[in-house]
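Working notes, beginning with the structure itself.
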Amino acid sequence: KGKGVMTARELVALYCGDPMMEKDFYGGFGVGPKYPKVEDVVVVGAGNVALDVSRLLLTSPESLVAETNTSKRFIDLLSSESSPLSGIKRVHILARRGPRAAAFAPKELREVLQKREEHFVSRIRVPAQGGGEDGGRAGSIGPFEESAGLTKVATRMQKRVFKLLRDHHSKDSGEVREDAPGKELFIHFLHKPVEFVGAEHLSAVHVELQRETLVDDQALEVGPIDGAAKVELPAQLAIIAASQRSIGVDGIPPGRASHEGREGSPRALDRDVISDTSGNKTLAPVYFCGWANHGAKG
């Protein structure tokens with residue numbers, strides 16, 4: 001983990017008020033007065049956590065105060081002129097697979113695409129077959145092309161998410177409205193991050209454009225587009241919101257035991273040693289966080 005790179009779990013802990021995250025946010029992640037001002041953020045992942053992180057980074061501090069229980073520390077980071085997070089203009093969500101594989105919940109996705117227009121403009125981006133980002137076809141089947149076989153095996157939720165993404169993509173003319181807010185959310189499908197670039201601090205993310213090929217009537221294969229040059233996205237902060245696994249605890253059944261393979265068994269934790277006001281050293285408390293079927297308001 002370098003300067004300017006953090007996990008979504010760490011950012012969620014910050015805006016949920018975890019005091020340990022507030023302790024060393026600047027120094028630990030290369031976000032602070034001595035580091036570059038953050039205008040572009042890259043979020044790696046295609047699930048609800050990626051959406052939630054992006055939404056909070058692009059929502060005005062005033063709305064966060066009025067509508068949510070977001071921690072004061074996080075709101076100060078977004079509102080203070082001297083804060084490196086106060087100038088965020090664009091958030092790029094990167095998803096290696098296409099819209100059919102998106103793990104967003106319809107309710108969360110609908111809020112981002114349709115109910116936050118006063119805060120930011122949402123745009124869907126997919127690569128063309130020959131490279132670039134003009135929203136064209138990708139491989140033997142386009143990202144938004146209908147397929148009876150793929151539709152047959154999709155769940156009801158996947159169908160709803162796919163339709164929301166397809167409809168939003170088809171309505172986006174690419175033009176900027178005069179009354180549009182100055183912030184943008186880009187959801188890039190078939191964009192595989194392959195390298196974080198920067199000497200002492202993150203400056204860009206290199207992305208490899210992917211294509212989908214219909215292997216049989218009901219399965220897709222994802223691979224790089226032949227001859228397509230890597231895309232460079234400028235970024236001063238990268239947030240990893242993919243492959244976040246929980247820590248098993250005795251007596252608490254894991255949500256996906258077969259996937260995580262720990263059957264709820266405990267796992268050793270590295271904990272910081274902190275000092276209280278009297279100088280006495282103690283182990284920092286351990287916080288267990290999880291998705292509780294609520295958004296930031298909950």
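Lettering and numbering for the structure tokens are positional, with chains as A, B, ... in the shown order, residues counted from 1 in each chain, and ligands counted from 1 in the shown order.
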
* To do: List the neighbours of Ile240 in chain A out to 9 Å using only C-alpha atoms; skip same-chain residues closer than 6 positions along the sequence, and give me the result as a PyMOL selection string.
  => chain A and resi 5-9+42-45+50

### Who sits within 9 Å of range 53-69 of chain A, only C-alpha atoms, same chain under 5 positions skipped, as a ChimeraX atom specification
/A:8,11-12,15-16,41,43,48,75-76,78-79,85,88-93,112,116,118-120,183-185,239,241,296-298

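The two atoms in question, CA of Val205 in chain A and CA of Glu221 in chain A, are spaced 24.0 Å apart.
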
Problem - Minimum-distance residue to Pro224 in chain A, chosen among A:Gly149, A:Arg97, A:Gly142, A:Ser170 (using only C-alpha atoms) - result: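 When distances to Pro224 in chain A are compared using only C-alpha atoms, the smallest one comes from A:Arg97.
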
From the list A:Ala128, A:Ala219, A:Leu109, A:Leu233, the nearest residue to Val153 in chain A using only C-alpha atoms is A:Ala219

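When only C-alpha atoms are used to compute distances to Asp18 in chain A, the closest of the residues A:Gln236, A:Thr70, A:Ala103, A:Gly4 turns out to be A:Thr70.
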
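Here the residues within range 46-171 of chain A that DSSP labels strand (DSSP E or B) on the basis of the backbone are Gly47, Arg90, Val91, His92, Ile93, Leu94, Ala95, Ala103, Val121, Ser122, Arg123, Ile124 and Arg125 of chain A.
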
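Those residues that approach Ser86 in chain A to within 9 Å, counting only C-alpha atoms, are Lys37, Val38, Glu39, Asp76, Leu77, Leu78, Ser79, Ser80, Glu81, Ser82 and Ser83 of chain A; same-chain residues fewer than 3 positions away are not listed.
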
Residues at most 9 Å from range 156-163 of chain A, counting only C-alpha atoms, excluding those fewer than 6 positions away in the same chain, as a tab-separated table (two decimals) with N, CA and C atoms, in the first residue's frame?
```
chain	number	residue	atom	x	y	z
A	99	PRO	N	-21.46	-4.87	-17.73
A	99	PRO	CA	-22.63	-4.52	-16.93
A	99	PRO	C	-23.43	-5.72	-16.44
A	100	ARG	N	-23.38	-6.83	-17.17
A	100	ARG	CA	-24.14	-8.02	-16.76
A	100	ARG	C	-23.62	-8.59	-15.45
A	101	ALA	N	-22.36	-8.35	-15.14
A	101	ALA	CA	-21.75	-8.91	-13.93
A	101	ALA	C	-21.74	-7.93	-12.77
A	102	ALA	N	-22.31	-6.75	-12.95
A	102	ALA	CA	-22.30	-5.75	-11.88
A	102	ALA	C	-23.04	-6.28	-10.66
A	103	ALA	N	-22.45	-6.06	-9.48
A	103	ALA	CA	-23.03	-6.57	-8.23
A	103	ALA	C	-23.75	-5.48	-7.45
A	104	PHE	N	-24.17	-4.42	-8.13
A	104	PHE	CA	-24.90	-3.35	-7.46
A	104	PHE	C	-26.31	-3.83	-7.08
A	105	ALA	N	-26.82	-3.30	-5.99
A	105	ALA	CA	-28.24	-3.49	-5.67
A	105	ALA	C	-29.03	-2.46	-6.46
A	106	PRO	N	-30.18	-2.83	-7.02
A	106	PRO	CA	-30.96	-1.87	-7.82
A	106	PRO	C	-31.26	-0.57	-7.09
A	109	LEU	N	-28.08	1.57	-6.91
A	109	LEU	CA	-27.73	2.07	-8.23
A	109	LEU	C	-28.70	3.15	-8.69
A	110	ARG	N	-29.98	2.94	-8.45
A	110	ARG	CA	-30.98	3.93	-8.86
A	110	ARG	C	-30.76	5.27	-8.16
A	144	PHE	N	-23.97	-3.97	-23.90
A	144	PHE	CA	-25.40	-3.78	-23.68
A	144	PHE	C	-26.25	-4.50	-24.74
```

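The space between CA of Gln210 in chain A and CA of Lys152 in chain A spans 23.7 Å.
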
Would you list, as a list in words, the residues of range 149-202 of chain A that end up in helix (DSSP H, G or I) under DSSP run on this structure's backbone? Gly149, Leu150, Thr151, Lys152, Val153, Arg156, Met157, Gln158, Lys159, Arg160, Val161, Phe162, Lys163, Leu164, Leu165, Arg166, Asp167, His168, His169, Ser170 and Lys171 of chain A

Shell around Gln218 in chain A at 10 Å using only C-alpha atoms, local window under 2 positions removed, as a PyMOL selection string: chain A and resi 147-154+214-216+220

Output the selection as a compact mmCIF listing (two decimals), in the first residue's frame - all heavy atoms for each residue.
```txt
# COMPACT_ATOMS: atom_id res chain seq x y z
N SER A 147 -29.04 -10.78 -25.30
CA SER A 147 -28.73 -12.18 -25.58
C SER A 147 -29.72 -13.05 -24.83
O SER A 147 -29.81 -12.99 -23.61
CB SER A 147 -27.30 -12.53 -25.15
OG SER A 147 -27.08 -13.92 -25.21
N ALA A 148 -30.48 -13.84 -25.57
CA ALA A 148 -31.52 -14.67 -24.95
C ALA A 148 -30.92 -15.65 -23.95
O ALA A 148 -31.46 -15.87 -22.86
CB ALA A 148 -32.30 -15.41 -26.03
N GLY A 149 -29.77 -16.24 -24.29
CA GLY A 149 -29.15 -17.21 -23.40
C GLY A 149 -28.67 -16.59 -22.10
O GLY A 149 -28.89 -17.13 -21.02
N LEU A 150 -28.03 -15.41 -22.20
CA LEU A 150 -27.54 -14.74 -21.01
C LEU A 150 -28.69 -14.23 -20.15
O LEU A 150 -28.63 -14.26 -18.92
CB LEU A 150 -26.62 -13.58 -21.40
CG LEU A 150 -25.31 -13.98 -22.10
CD1 LEU A 150 -24.58 -12.74 -22.58
CD2 LEU A 150 -24.43 -14.80 -21.17
N THR A 151 -29.75 -13.77 -20.80
CA THR A 151 -30.93 -13.31 -20.05
C THR A 151 -31.58 -14.46 -19.30
O THR A 151 -32.06 -14.30 -18.17
CB THR A 151 -31.95 -12.67 -21.01
OG1 THR A 151 -31.32 -11.58 -21.70
CG2 THR A 151 -33.15 -12.16 -20.25
N LYS A 152 -31.55 -15.63 -19.90
CA LYS A 152 -32.19 -16.80 -19.30
C LYS A 152 -31.55 -17.19 -17.97
O LYS A 152 -32.23 -17.58 -17.02
CB LYS A 152 -32.12 -17.97 -20.28
CG LYS A 152 -32.79 -19.24 -19.79
CD LYS A 152 -32.70 -20.34 -20.84
CE LYS A 152 -33.35 -21.62 -20.34
NZ LYS A 152 -33.25 -22.71 -21.35
N VAL A 153 -30.22 -17.08 -17.88
CA VAL A 153 -29.52 -17.51 -16.67
C VAL A 153 -29.34 -16.39 -15.65
O VAL A 153 -28.88 -16.62 -14.54
CB VAL A 153 -28.13 -18.10 -17.02
CG1 VAL A 153 -28.28 -19.33 -17.89
CG2 VAL A 153 -27.25 -17.06 -17.70
N ALA A 154 -29.70 -15.17 -16.01
CA ALA A 154 -29.54 -14.04 -15.09
C ALA A 154 -30.63 -14.05 -14.02
O ALA A 154 -31.76 -14.47 -14.27
CB ALA A 154 -29.58 -12.72 -15.86
N LEU A 214 -18.79 -14.36 -26.34
CA LEU A 214 -19.80 -15.36 -26.00
C LEU A 214 -19.21 -16.74 -26.24
O LEU A 214 -19.03 -17.17 -27.38
CB LEU A 214 -21.05 -15.14 -26.84
CG LEU A 214 -22.37 -15.73 -26.35
CD1 LEU A 214 -22.72 -15.19 -24.97
CD2 LEU A 214 -23.49 -15.42 -27.33
N VAL A 215 -18.88 -17.46 -25.15
CA VAL A 215 -18.26 -18.78 -25.25
C VAL A 215 -19.28 -19.81 -25.70
O VAL A 215 -19.06 -20.60 -26.61
CB VAL A 215 -17.63 -19.19 -23.91
CG1 VAL A 215 -17.01 -20.58 -24.01
CG2 VAL A 215 -16.59 -18.17 -23.48
N ASP A 216 -20.40 -19.87 -25.02
CA ASP A 216 -21.53 -20.68 -25.47
C ASP A 216 -22.78 -19.83 -25.29
O ASP A 216 -22.68 -18.62 -25.07
CB ASP A 216 -21.62 -22.01 -24.71
CG ASP A 216 -21.66 -21.81 -23.20
OD1 ASP A 216 -22.38 -20.90 -22.74
OD2 ASP A 216 -20.97 -22.54 -22.47
N LEU A 220 -19.98 -16.01 -20.78
CA LEU A 220 -19.11 -14.99 -21.37
C LEU A 220 -17.67 -15.20 -20.92
O LEU A 220 -17.41 -15.62 -19.80
CB LEU A 220 -19.56 -13.59 -20.93
CG LEU A 220 -20.80 -13.00 -21.59
CD1 LEU A 220 -21.18 -11.71 -20.89
CD2 LEU A 220 -20.57 -12.76 -23.06
```
